[in-house]
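As structure tokens, the structure follows; a few thoughts come after it.
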Amino acid sequence: MARYILRRIVYMVITLFIIASVTFFLMKMLPGSPLKAEDKLTEEQKQLVLESYGLNDPVPVQYVRYLGNLLKGDLGISYNFDNTPVSDILIDRLGPSMQLGLYAVLVGTFFGIILGLIAAIFHNGFWDYTSTIIAVLGTSIPSFVFAGLLQYIFAVELGWFPVALWGEPKHMILPIIALAIGPMATAARFVRTEMIEVKGSNYIITAKAKGLSNLERVWKHGFRNALIPLVTVMGPMMINLMTGSMVIEKIFAIPGIGEQFVTSVVVNDYPTIMGTTLIYAFGFILILLVIDLLYGLIDPRIRVTGGGK
Amino acid sequence: MDQKNVNNLPKELFKPLVRKEDTSEKISRPSRTFGQNARRTLFKNIPAMISLVVLILIIIMSIIGPFMNKYGSNDQNLDHAKMPPRVPGLEKVSWLGFDGTLSDELTGATVEQATQKAYMRFNNEEDYIDIKVISDGDGSPNSAEIKATYHIYKAKGLEDTYYWLGTDQLGRDQWTRLWEGTRVSLIIAFVAALLDLVIGVAYGGISGYYGGRVDNVMQRIIEILSGIPSLVVILLMMLILKPGMTSIIIALVITGWTGMARIVRGEVLKLKSQEFVLAAKTLGTSDGKIIRKHLIPNISGIIIVNTMFTIPSAVFFEAFLSFIGLGIAPPKASLGSLIDIGFDNMQIYPYMLVFPAALLSIIMIAFNILGDGLRDAFDPKMHK
Amino acid sequence: MSKLLEVKDLQISFNTYGGEVQAVRGVSFDLNKGETLAIVGESGSGKSVTTSAIMGLLPKSNTQIKNGEILYKGKDILKFSEKEMQKIRGKEISMVFQDPMSSLNPTMKVGNQIAEGLIKHRGLSKAEAKEKAIELLRKVGIPKPELRVKQYPHQFSGGMRQRVVIAIALACNPEIIIADEPTTALDVTIQAQILELMKEMQKDTGCSIIFITHDLGVVANVADRVAVMYAGKIVEVGTVDDIFYNPKHPYTWGLLGSMPTLDDNESEELYTIPGTPPDLTNPPKGDAFAPRNKYALEIDTMYEPPMFKVSDTHYAATWLLHENAPKVELPDAIKKRIDSFLTKQQGGNKQ
């Protein structure tokens with residue numbers, strides 16, 4: 001198991017290195033510099049500015065310096081925002097993004113599991129159809145459409161919640177709901193299928209033959225077996241969630257990483273774009289690793305054989 | 001049959017049965033091919049069939065929709081900016097929202113104050129604003145409430161003009177832009193899905209069929225590619241490429257084909273070792289014939305289903321990219337860019353958001369339901 | 001001998017998309033205390049459905065019990081509520097399933113799976129139940145039970161898992177154990193071990209066993225009495241000797257004839273049954289076996305044969321036993337087969 005984790009971490013570092021390098025060279029291909037047309041600088045002043053960013057050095061030198069800085073957690077200096085270090089900008093913004101994402105995952109999977117279990121227990125009944133419809137709508141409709149709907153109804157028309165911004169709990173409710181609907185639908189769908197399969201499995205019949213009641217069967221034998229595989233869809237689910245959070249942050253003007261990315265794109269602030277990209281990449285890969293290890297921990301079949309794949 | 005009857009049975013019945021034909025091997029069920037079964041299951045799936053019809057209608061509208069009125073997608077007319085939807089006939093049914101009016105509920109300390117607010121909101125065109133008092137108020141802040149309805153078409157002297165879905169901030173006809181945007185979104189989705197399919201099937205098929213070292217090398221490449229989060233790749237691609245349809249398609253295909261390739265490889269590997277393929281091989285069937293006669297028919301179902309789910313995800317990504325400002329750039333329209341503009345004007349002109357958002361959702365839902373239906377249709381367990 | 005279980009004219013149908021499948025069409029048999037009854041038949045003959053009905057394991061949604069009663073100690077358990085059935089299952093009647101690979105919960109420790117029934121039915125504490133589970137594992141021949149009790153099913157081999165399943169069935173000292181093809185999914189060498197284990201357990205506990213199988217070879221080993229099922233009916237029932245040395249139903253002949261033995265010489269043909277069992281959505285008129293029966297009579301196409309009594313212990317449902325029926329000799333192949341059984345047995349006895 002330790003060897004497996006080690007190997008995964010080595011892979012992760014390699015992937016990150018590739019992403020960092022590719023991002024760096026792609027950004028070098030793009031026009032754009034800290035110089036702004038409206039600044040009206042003399043040639044000498046321009047050179048000074050470029051020098052301060054280290055942009056006069058040959059590209060390989062810049063590349064090595066960039067990688068070295070990365071190791072120190074230094075993501076460079078923003079072309080905008082009064083030349084603040086990118087890492088400072090992003091650290092401030094990490095909080096809201098992680099809060100939003102974490103709550104959305106928790107809320108989404110929790111209600112998704114409940115919805116899926118209800119659907120499976122009342123298989124082919126009214127609740128099954130209702131939850132199936134909710135699941136289809138939730139997986140199909142993009143989160144930003146939900147966000148718009150919620151924002152219009154509950155913030156603009158009814159005025160129950162603030163339209164935008166972040167900080168107090170009342171700010172968080174609408175964005176979390178908008179972002180949680182996707183994971184909820186995915187989880188509901190998945191849990192329903194798993195639970196129906198588990199309900200028909202032989203070990204549930206064995207449990208019935210032992211004299212256990214329906215509730216005992218579902219509780220002791222059904223849940224665990226139906227929920228463990230849910231971890232496998234958590235990866236794609238989290239990735240969708242991070243994609244979704246980018247637009248949700250924009251819509252609700254939440255000061256998070258995604259909103260920063262969108263703003264930086266508009267003003268061509270390349271160091272910040274690179275920094276955000278790397279943070280996203282790191283987040284994705286870390287989440288996938290954690291989920292993989294988690295799955296190995298909670299499924300006894302994988303735990304003992306030492307993480308099969 | 002009780003004991004007494006048994007003893008009274010006629011003797012002639014007790015002679016060996018003469019059989020007219022051998023009935024022991026009779027098959028009592030009609031036989032259907034797998035394709036027939038799949039089609040039957042799909043046709044019986046009512047939601048999937050409705051989705052199919054809806055999608056066909058949307059595709060037809062995306063082709064002919066822009067030509068159904070006289071406005072072009074880029075005909076700007078700032079005098080006609082932000083006109084609400086107005087449809088001949090339907091305009092008489094006020095609650096449908098196609099009557100060409102803007103309305104809002106406003107509050108103030110007194111009715112007069114609220115009315116003044118309404119006038120300010122709607123360009124001071126007092127003659128064309130109907131005020132309906134909802135509550136008179138007692139002088140305290142925001143106690144009075146009125147509903148103001150602004151007849152903007154009349155105010156601008158455009159009694160004979162109809163913008164079916166209204167206009168945007170530059171006075172462009174939303175109907176035309178909506179269907180042109182749909183066309184752009186669908187073309188991106190279909191082309192991206194098609195390229196995913198071609199590249200994925202070829203790559204996965206070769207990797208799976210030849211196996212061994214070829215497979216090993218090809219799989220390592222896929223592993224590295226899919227280790228990089230696709231969102232990051234797509235965003236980077238969109239940054240360095242010029243915004244537009246081709247760029248979105250390239251960005252989507254670069255990350256998208258690996259999924260198909262993995263599925264196809266897995267299926268081919270599975271099928272390759274199955275007895276009927278081994279049997280064909282032992283009988284000396286050529287590689288080409290095995291691929292055509294045994295592999296393709298057996299994996300076509302999973303390919304179709306997977307493609308069917310690629311399309312809505314491509315529609316989503318186009319909308320997503322355009323929405324965050326990396327996709328289709330104005331003056332061209334796409335569902336995503338229309339929604340982006342809609343969000344900016346949502347508070348006062350909700351119609352600018354409602355129609356593209358609703359259409360995008362319908363397209364996504366229909367493709368997903370149809371995809372589910374196809375998956376069931378190709379699942380032998382679901383055949384009835 | 002006292003009758004522990006009586007099944008009377010049981011009729012069970014399934015509602016499917018293709019129509020109503022009459023899976024069990026009037027089955028009657030009884031089970032005495034301490035005996036082993038084997039129910040033999042090919043797949044789809046209704047043997048598993050019958051025993052599932054005894055356990056109350058049939059899915060309620062699409063099953064209809066159209067007629068009949070199942071008397072356990074004189075009470076009709078078909079009329080029992082779900083609550084009352086829960087007290088029967090595992091405690092009075094328990095079951096060993098066919099596939100040990102899937103009949104254990106993969107994410108639950110083996111010990112807990114055994115202990116569950118004990119806690120539920122015997123009211124034992126967790127610690128007591130665990131002690132008992134270790135004891136049971138030792139009893140069914142699992143080495144190092146103290147260690148094994150904490151392991152998960154995937155850490156056991158197929159045969160070992162079936163021993164665990166047997167331990168679960170034995171946990172509460174049930175009166176009846178229903179074994180539904182318990183050896184079919186196992187390797188031949190393991191099969192013999194499991195059969196031996198079941199015989200031993202029966203000797204120990206004095207329980208009755210209903211043994212479902214399609215393999216007559218297994219029957220000869222374990223059963224006291226045999227019921228042969230075909231197309232949802234019992235066509236012949238008798239002691240092992242009745243069935244093996246004096247079979248009356250042509251279907252039984254077919255079953256005996258299809259058993260390959262080592263001393264078959266090349267000239268001897270297997271006596272086989274042609275064709276496939278009938279479609280039970282639409283069972284044929286008369287004797288369901290007639291279309292496959294070489295010895296079918298005209299009457300077979302009109303009336304179903306009743307159970308004819310051969311001896312006090314031996315009954316068979318074939319018109320060939322009717323007084324008016326032509327005398328049909330046992331096919332030679334079957335005769336030889338029976339002779340070989342006899343000589344083998346005598347040989348066995350001499351040893």
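In the structure tokens, the first chain shown is A, the next is B, and so on; residue numbers restart at 1 for each chain, and ligands run from 1 in the order shown.
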Would you mind listing what lies within 9 Å of stretch 19-32 of chain A as a list in words, with only C-alpha atoms counted and same-chain residues fewer than 5 positions away left out?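 In the requested format, the answer is Ile14, Val59, Tyr63, Tyr66, Leu67, Leu70, Asn268, Asp269, Tyr270, Pro271, Met274, Thr277, Leu278 and Ala281 of chain A; Ile228, Val232, Val233, Leu236, Met237, Leu239 and Ile240 of chain B.
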Mind listing as a PDB file with N, CA, C and O atoms, in the first residue's frame which residues of chain A are within 7 Å of chain C, counting only C-alpha atoms?
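This is the output file iface_22.pdb:
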```
ATOM      1  N   ASN A 202     -27.395 -11.895  -4.070  1.00  0.00           N
ATOM      2  CA  ASN A 202     -27.582 -13.114  -3.298  1.00  0.00           C
ATOM      3  C   ASN A 202     -27.371 -12.906  -1.805  1.00  0.00           C
ATOM      4  O   ASN A 202     -28.028 -13.539  -0.992  1.00  0.00           O
ATOM      5  N   TYR A 203     -26.429 -12.022  -1.439  1.00  0.00           N
ATOM      6  CA  TYR A 203     -26.175 -11.912   0.004  1.00  0.00           C
ATOM      7  C   TYR A 203     -27.329 -11.235   0.725  1.00  0.00           C
ATOM      8  O   TYR A 203     -27.493 -11.415   1.925  1.00  0.00           O
ATOM      9  N   THR A 206     -29.473 -14.123   1.343  1.00  0.00           N
ATOM     10  CA  THR A 206     -28.923 -14.829   2.501  1.00  0.00           C
ATOM     11  C   THR A 206     -29.374 -14.146   3.793  1.00  0.00           C
ATOM     12  O   THR A 206     -29.793 -14.810   4.740  1.00  0.00           O
ATOM     13  N   ALA A 209     -32.823 -14.931   4.487  1.00  0.00           N
ATOM     14  CA  ALA A 209     -32.953 -16.311   4.953  1.00  0.00           C
ATOM     15  C   ALA A 209     -32.490 -16.468   6.397  1.00  0.00           C
ATOM     16  O   ALA A 209     -32.830 -17.424   7.065  1.00  0.00           O
ATOM     17  N   LYS A 210     -31.686 -15.506   6.883  1.00  0.00           N
ATOM     18  CA  LYS A 210     -31.279 -15.527   8.282  1.00  0.00           C
ATOM     19  C   LYS A 210     -32.391 -15.044   9.183  1.00  0.00           C
ATOM     20  O   LYS A 210     -32.291 -15.122  10.406  1.00  0.00           O
ATOM     21  N   GLY A 211     -33.421 -14.447   8.582  1.00  0.00           N
ATOM     22  CA  GLY A 211     -34.526 -13.942   9.381  1.00  0.00           C
ATOM     23  C   GLY A 211     -34.425 -12.465   9.682  1.00  0.00           C
ATOM     24  O   GLY A 211     -35.096 -11.969  10.581  1.00  0.00           O
ATOM     25  N   LEU A 212     -33.562 -11.742   8.951  1.00  0.00           N
ATOM     26  CA  LEU A 212     -33.469 -10.306   9.195  1.00  0.00           C
ATOM     27  C   LEU A 212     -34.655  -9.592   8.536  1.00  0.00           C
ATOM     28  O   LEU A 212     -35.133 -10.006   7.495  1.00  0.00           O
ATOM     29  N   SER A 213     -35.087  -8.507   9.168  1.00  0.00           N
ATOM     30  CA  SER A 213     -36.209  -7.763   8.604  1.00  0.00           C
ATOM     31  C   SER A 213     -35.717  -6.904   7.453  1.00  0.00           C
ATOM     32  O   SER A 213     -34.522  -6.715   7.251  1.00  0.00           O
ATOM     33  N   HIS A 221     -26.760  -4.582   5.412  1.00  0.00           N
ATOM     34  CA  HIS A 221     -26.116  -5.189   4.241  1.00  0.00           C
ATOM     35  C   HIS A 221     -26.208  -4.319   3.006  1.00  0.00           C
ATOM     36  O   HIS A 221     -25.372  -4.403   2.124  1.00  0.00           O
ATOM     37  N   ASN A 225     -22.693  -1.585   0.929  1.00  0.00           N
ATOM     38  CA  ASN A 225     -22.335  -2.084  -0.393  1.00  0.00           C
ATOM     39  C   ASN A 225     -22.776  -1.153  -1.510  1.00  0.00           C
ATOM     40  O   ASN A 225     -22.170  -1.119  -2.570  1.00  0.00           O
ATOM     41  N   ASP A 299     -13.026   0.004   1.068  1.00  0.00           N
ATOM     42  CA  ASP A 299     -13.483  -1.260   0.508  1.00  0.00           C
ATOM     43  C   ASP A 299     -12.528  -2.371   0.925  1.00  0.00           C
ATOM     44  O   ASP A 299     -11.380  -2.395   0.511  1.00  0.00           O
ATOM     45  N   PRO A 300     -12.989  -3.299   1.755  1.00  0.00           N
ATOM     46  CA  PRO A 300     -12.086  -4.335   2.265  1.00  0.00           C
ATOM     47  C   PRO A 300     -11.450  -5.156   1.155  1.00  0.00           C
ATOM     48  O   PRO A 300     -10.343  -5.647   1.312  1.00  0.00           O
ATOM     49  N   ARG A 301     -12.140  -5.295   0.019  1.00  0.00           N
ATOM     50  CA  ARG A 301     -11.583  -6.130  -1.048  1.00  0.00           C
ATOM     51  C   ARG A 301     -10.313  -5.523  -1.611  1.00  0.00           C
ATOM     52  O   ARG A 301      -9.395  -6.207  -1.990  1.00  0.00           O
TER      53      ARG A 301
END
```
Residue contacts of C:Lys327 (12 Å, only C-alpha atoms) excluding same-chain residues fewer than 2 positions away, as an mmCIF file with all heavy atoms, in the first residue's frame:
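The resulting result13.cif:
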```cif
data_model
loop_
_atom_site.group_PDB
_atom_site.id
_atom_site.type_symbol
_atom_site.label_atom_id
_atom_site.label_comp_id
_atom_site.auth_asym_id
_atom_site.auth_seq_id
_atom_site.Cartn_x
_atom_site.Cartn_y
_atom_site.Cartn_z
ATOM 1 N N PHE B 14 -55.033 -46.131 -24.321
ATOM 2 C CA PHE B 14 -53.762 -46.652 -23.823
ATOM 3 C C PHE B 14 -52.991 -47.370 -24.907
ATOM 4 O O PHE B 14 -52.701 -48.551 -24.822
ATOM 5 C CB PHE B 14 -54.010 -47.566 -22.624
ATOM 6 C CG PHE B 14 -54.409 -46.806 -21.412
ATOM 7 C CD1 PHE B 14 -55.740 -46.554 -21.133
ATOM 8 C CD2 PHE B 14 -53.439 -46.292 -20.553
ATOM 9 C CE1 PHE B 14 -56.117 -45.834 -20.027
ATOM 10 C CE2 PHE B 14 -53.818 -45.573 -19.440
ATOM 11 C CZ PHE B 14 -55.159 -45.326 -19.172
ATOM 12 N N LYS B 15 -52.746 -46.689 -25.989
ATOM 13 C CA LYS B 15 -51.848 -47.279 -26.971
ATOM 14 C C LYS B 15 -50.780 -46.258 -27.285
ATOM 15 O O LYS B 15 -50.994 -45.045 -27.109
ATOM 16 C CB LYS B 15 -52.621 -47.703 -28.213
ATOM 17 C CG LYS B 15 -53.397 -46.578 -28.859
ATOM 18 C CD LYS B 15 -54.202 -47.104 -30.021
ATOM 19 C CE LYS B 15 -54.891 -45.949 -30.730
ATOM 20 N NZ LYS B 15 -56.106 -46.282 -31.404
ATOM 21 N N PRO B 16 -49.642 -46.737 -27.724
ATOM 22 C CA PRO B 16 -48.536 -45.808 -27.935
ATOM 23 C C PRO B 16 -48.922 -44.649 -28.849
ATOM 24 O O PRO B 16 -49.641 -44.832 -29.823
ATOM 25 C CB PRO B 16 -47.459 -46.688 -28.572
ATOM 26 C CG PRO B 16 -47.766 -48.044 -28.083
ATOM 27 C CD PRO B 16 -49.263 -48.123 -27.941
ATOM 28 N N LYS C 248 -39.926 -45.965 -12.117
ATOM 29 C CA LYS C 248 -41.137 -46.246 -12.890
ATOM 30 C C LYS C 248 -41.413 -45.192 -13.951
ATOM 31 O O LYS C 248 -42.075 -45.446 -14.933
ATOM 32 C CB LYS C 248 -42.351 -46.326 -11.936
ATOM 33 C CG LYS C 248 -42.348 -47.552 -11.064
ATOM 34 C CD LYS C 248 -42.459 -48.813 -11.905
ATOM 35 C CE LYS C 248 -42.444 -50.068 -11.025
ATOM 36 N NZ LYS C 248 -42.197 -51.271 -11.812
ATOM 37 N N TYR C 295 -42.120 -43.379 -24.746
ATOM 38 C CA TYR C 295 -43.173 -44.351 -24.408
ATOM 39 C C TYR C 295 -44.528 -43.681 -24.223
ATOM 40 O O TYR C 295 -45.400 -44.206 -23.548
ATOM 41 C CB TYR C 295 -42.791 -45.119 -23.138
ATOM 42 C CG TYR C 295 -41.419 -45.729 -23.230
ATOM 43 C CD1 TYR C 295 -40.313 -45.127 -22.663
ATOM 44 C CD2 TYR C 295 -41.250 -46.933 -23.938
ATOM 45 C CE1 TYR C 295 -39.053 -45.676 -22.783
ATOM 46 C CE2 TYR C 295 -39.992 -47.494 -24.052
ATOM 47 C CZ TYR C 295 -38.892 -46.867 -23.483
ATOM 48 O OH TYR C 295 -37.656 -47.411 -23.609
ATOM 49 N N LEU C 297 -48.273 -42.375 -24.450
ATOM 50 C CA LEU C 297 -49.508 -43.016 -24.888
ATOM 51 C C LEU C 297 -50.438 -41.946 -25.418
ATOM 52 O O LEU C 297 -50.245 -40.752 -25.181
ATOM 53 C CB LEU C 297 -50.154 -43.733 -23.703
ATOM 54 C CG LEU C 297 -49.287 -44.767 -22.987
ATOM 55 C CD1 LEU C 297 -50.014 -45.288 -21.761
ATOM 56 C CD2 LEU C 297 -48.916 -45.899 -23.927
ATOM 57 N N TRP C 319 -48.933 -42.684 -16.921
ATOM 58 C CA TRP C 319 -50.033 -43.566 -17.319
ATOM 59 C C TRP C 319 -49.543 -44.991 -17.566
ATOM 60 O O TRP C 319 -50.330 -45.920 -17.631
ATOM 61 C CB TRP C 319 -50.714 -43.032 -18.590
ATOM 62 C CG TRP C 319 -51.607 -41.843 -18.350
ATOM 63 C CD1 TRP C 319 -51.463 -40.614 -18.879
ATOM 64 C CD2 TRP C 319 -52.796 -41.802 -17.553
ATOM 65 N NE1 TRP C 319 -52.457 -39.782 -18.463
ATOM 66 C CE2 TRP C 319 -53.302 -40.489 -17.627
ATOM 67 C CE3 TRP C 319 -53.464 -42.740 -16.748
ATOM 68 C CZ2 TRP C 319 -54.445 -40.091 -16.958
ATOM 69 C CZ3 TRP C 319 -54.610 -42.332 -16.092
ATOM 70 C CH2 TRP C 319 -55.088 -41.023 -16.193
ATOM 71 N N LEU C 320 -48.259 -45.170 -17.673
ATOM 72 C CA LEU C 320 -47.728 -46.518 -17.900
ATOM 73 C C LEU C 320 -48.064 -47.441 -16.740
ATOM 74 O O LEU C 320 -48.044 -48.660 -16.878
ATOM 75 C CB LEU C 320 -46.209 -46.470 -18.088
ATOM 76 C CG LEU C 320 -45.715 -45.780 -19.359
ATOM 77 C CD1 LEU C 320 -44.205 -45.720 -19.377
ATOM 78 C CD2 LEU C 320 -46.243 -46.494 -20.589
ATOM 79 N N LEU C 321 -48.362 -46.852 -15.582
ATOM 80 C CA LEU C 321 -48.673 -47.672 -14.416
ATOM 81 C C LEU C 321 -50.158 -48.041 -14.358
ATOM 82 O O LEU C 321 -50.586 -48.765 -13.475
ATOM 83 C CB LEU C 321 -48.262 -46.945 -13.136
ATOM 84 C CG LEU C 321 -46.759 -46.785 -12.945
ATOM 85 C CD1 LEU C 321 -46.467 -45.885 -11.754
ATOM 86 C CD2 LEU C 321 -46.086 -48.137 -12.771
ATOM 87 N N HIS C 322 -50.945 -47.506 -15.276
ATOM 88 C CA HIS C 322 -52.372 -47.806 -15.286
ATOM 89 C C HIS C 322 -52.572 -49.256 -15.719
ATOM 90 O O HIS C 322 -51.802 -49.789 -16.529
ATOM 91 C CB HIS C 322 -53.073 -46.850 -16.272
ATOM 92 C CG HIS C 322 -54.560 -46.876 -16.146
ATOM 93 N ND1 HIS C 322 -55.328 -47.743 -16.865
ATOM 94 C CD2 HIS C 322 -55.413 -46.134 -15.399
ATOM 95 C CE1 HIS C 322 -56.610 -47.539 -16.566
ATOM 96 N NE2 HIS C 322 -56.687 -46.559 -15.672
ATOM 97 N N GLU C 323 -53.607 -49.856 -15.191
ATOM 98 C CA GLU C 323 -53.807 -51.281 -15.466
ATOM 99 C C GLU C 323 -54.029 -51.563 -16.947
ATOM 100 O O GLU C 323 -53.703 -52.633 -17.438
ATOM 101 C CB GLU C 323 -54.997 -51.816 -14.650
ATOM 102 C CG GLU C 323 -56.243 -50.982 -14.845
ATOM 103 C CD GLU C 323 -57.373 -51.394 -13.889
ATOM 104 O OE1 GLU C 323 -57.100 -52.171 -12.971
ATOM 105 O OE2 GLU C 323 -58.484 -50.914 -14.101
ATOM 106 N N ASN C 324 -54.582 -50.576 -17.661
ATOM 107 C CA ASN C 324 -54.844 -50.808 -19.073
ATOM 108 C C ASN C 324 -53.643 -50.528 -19.963
ATOM 109 O O ASN C 324 -53.696 -50.752 -21.167
ATOM 110 C CB ASN C 324 -55.993 -49.903 -19.547
ATOM 111 C CG ASN C 324 -57.307 -50.315 -18.909
ATOM 112 O OD1 ASN C 324 -57.439 -51.453 -18.459
ATOM 113 N ND2 ASN C 324 -58.254 -49.385 -18.877
ATOM 114 N N ALA C 325 -52.629 -49.971 -19.382
ATOM 115 C CA ALA C 325 -51.496 -49.564 -20.211
ATOM 116 C C ALA C 325 -50.715 -50.773 -20.690
ATOM 117 O O ALA C 325 -50.665 -51.797 -20.005
ATOM 118 C CB ALA C 325 -50.580 -48.655 -19.407
ATOM 119 N N GLU C 329 -41.219 -52.492 -21.003
ATOM 120 C CA GLU C 329 -40.029 -52.980 -20.312
ATOM 121 C C GLU C 329 -39.068 -51.829 -20.082
ATOM 122 O O GLU C 329 -39.006 -50.889 -20.866
ATOM 123 C CB GLU C 329 -39.339 -54.046 -21.181
ATOM 124 C CG GLU C 329 -40.013 -55.396 -21.111
ATOM 125 C CD GLU C 329 -39.876 -56.032 -19.738
ATOM 126 O OE1 GLU C 329 -38.732 -56.161 -19.256
ATOM 127 O OE2 GLU C 329 -40.916 -56.360 -19.127
ATOM 128 N N LEU C 330 -38.291 -51.886 -19.025
ATOM 129 C CA LEU C 330 -37.227 -50.915 -18.819
ATOM 130 C C LEU C 330 -36.278 -50.961 -20.008
ATOM 131 O O LEU C 330 -35.957 -52.047 -20.486
ATOM 132 C CB LEU C 330 -36.423 -51.294 -17.574
ATOM 133 C CG LEU C 330 -36.733 -50.595 -16.269
ATOM 134 C CD1 LEU C 330 -35.814 -51.162 -15.202
ATOM 135 C CD2 LEU C 330 -36.541 -49.110 -16.396
#
```
Please, which residues in chain A fall within 8 Å of chain B when counting only C-alpha atoms, and what is the closest atom pair and distance in Å to one decimal for each, ordered by chain then residue number, as a tab-separated table?
```
residue	atom	partner	partner_atom	distance
A:Thr15	CA	B:Ile228	CA	6.6
A:Ile19	CA	B:Ile228	CA	7.2
A:Thr23	CA	B:Leu236	CA	7.2
A:Leu26	CA	B:Ile240	CA	6.9
A:Met27	CA	B:Ile240	CA	7.7
A:Met29	CA	B:Ile240	CA	7.6
A:Leu30	CA	B:Ile240	CA	6.5
A:Val136	CA	B:Ile365	CA	7.0
A:Leu137	CA	B:Ile365	CA	6.5
A:Ser140	CA	B:Ile365	CA	5.0
A:Ile141	CA	B:Ser361	CA	5.0
A:Pro142	CA	B:Phe316	CA	6.9
A:Val145	CA	B:Ala357	CA	6.0
A:Gly148	CA	B:Phe343	CA	7.2
A:Tyr152	CA	B:Gln347	CA	7.2
A:Val156	CA	B:Gln347	CA	6.5
A:Thr243	CA	B:Leu231	CA	7.0
A:Val247	CA	B:Ile324	CA	6.7
A:Lys250	CA	B:Ile324	CA	7.9
A:Ile251	CA	B:Phe343	CA	7.7
A:Val262	CA	B:Ile324	CA	6.0
A:Val265	CA	B:Gly325	CA	7.8
A:Val266	CA	B:Gly325	CA	7.4
A:Thr277	CA	B:Val232	CA	6.2
A:Tyr280	CA	B:Val232	CA	7.2
A:Ala281	CA	B:Pro229	CA	6.2
A:Phe284	CA	B:Pro229	CA	6.5
A:Ile285	CA	B:Pro229	CA	7.5
```
Just want the 9 Å neighbourhood of C:Leu136, counted on only C-alpha atoms, with same-chain residues fewer than 2 positions away dropped. Output as a list in words.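 Near C:Leu136, the qualifying residues are Ile114, Glu131, Lys132, Ala133, Ile134, Arg138, Lys139, Val140, Gly141, Ile142, Pro145, Val164, Ala167, Ile168, Leu170 and Ala171 of chain C.
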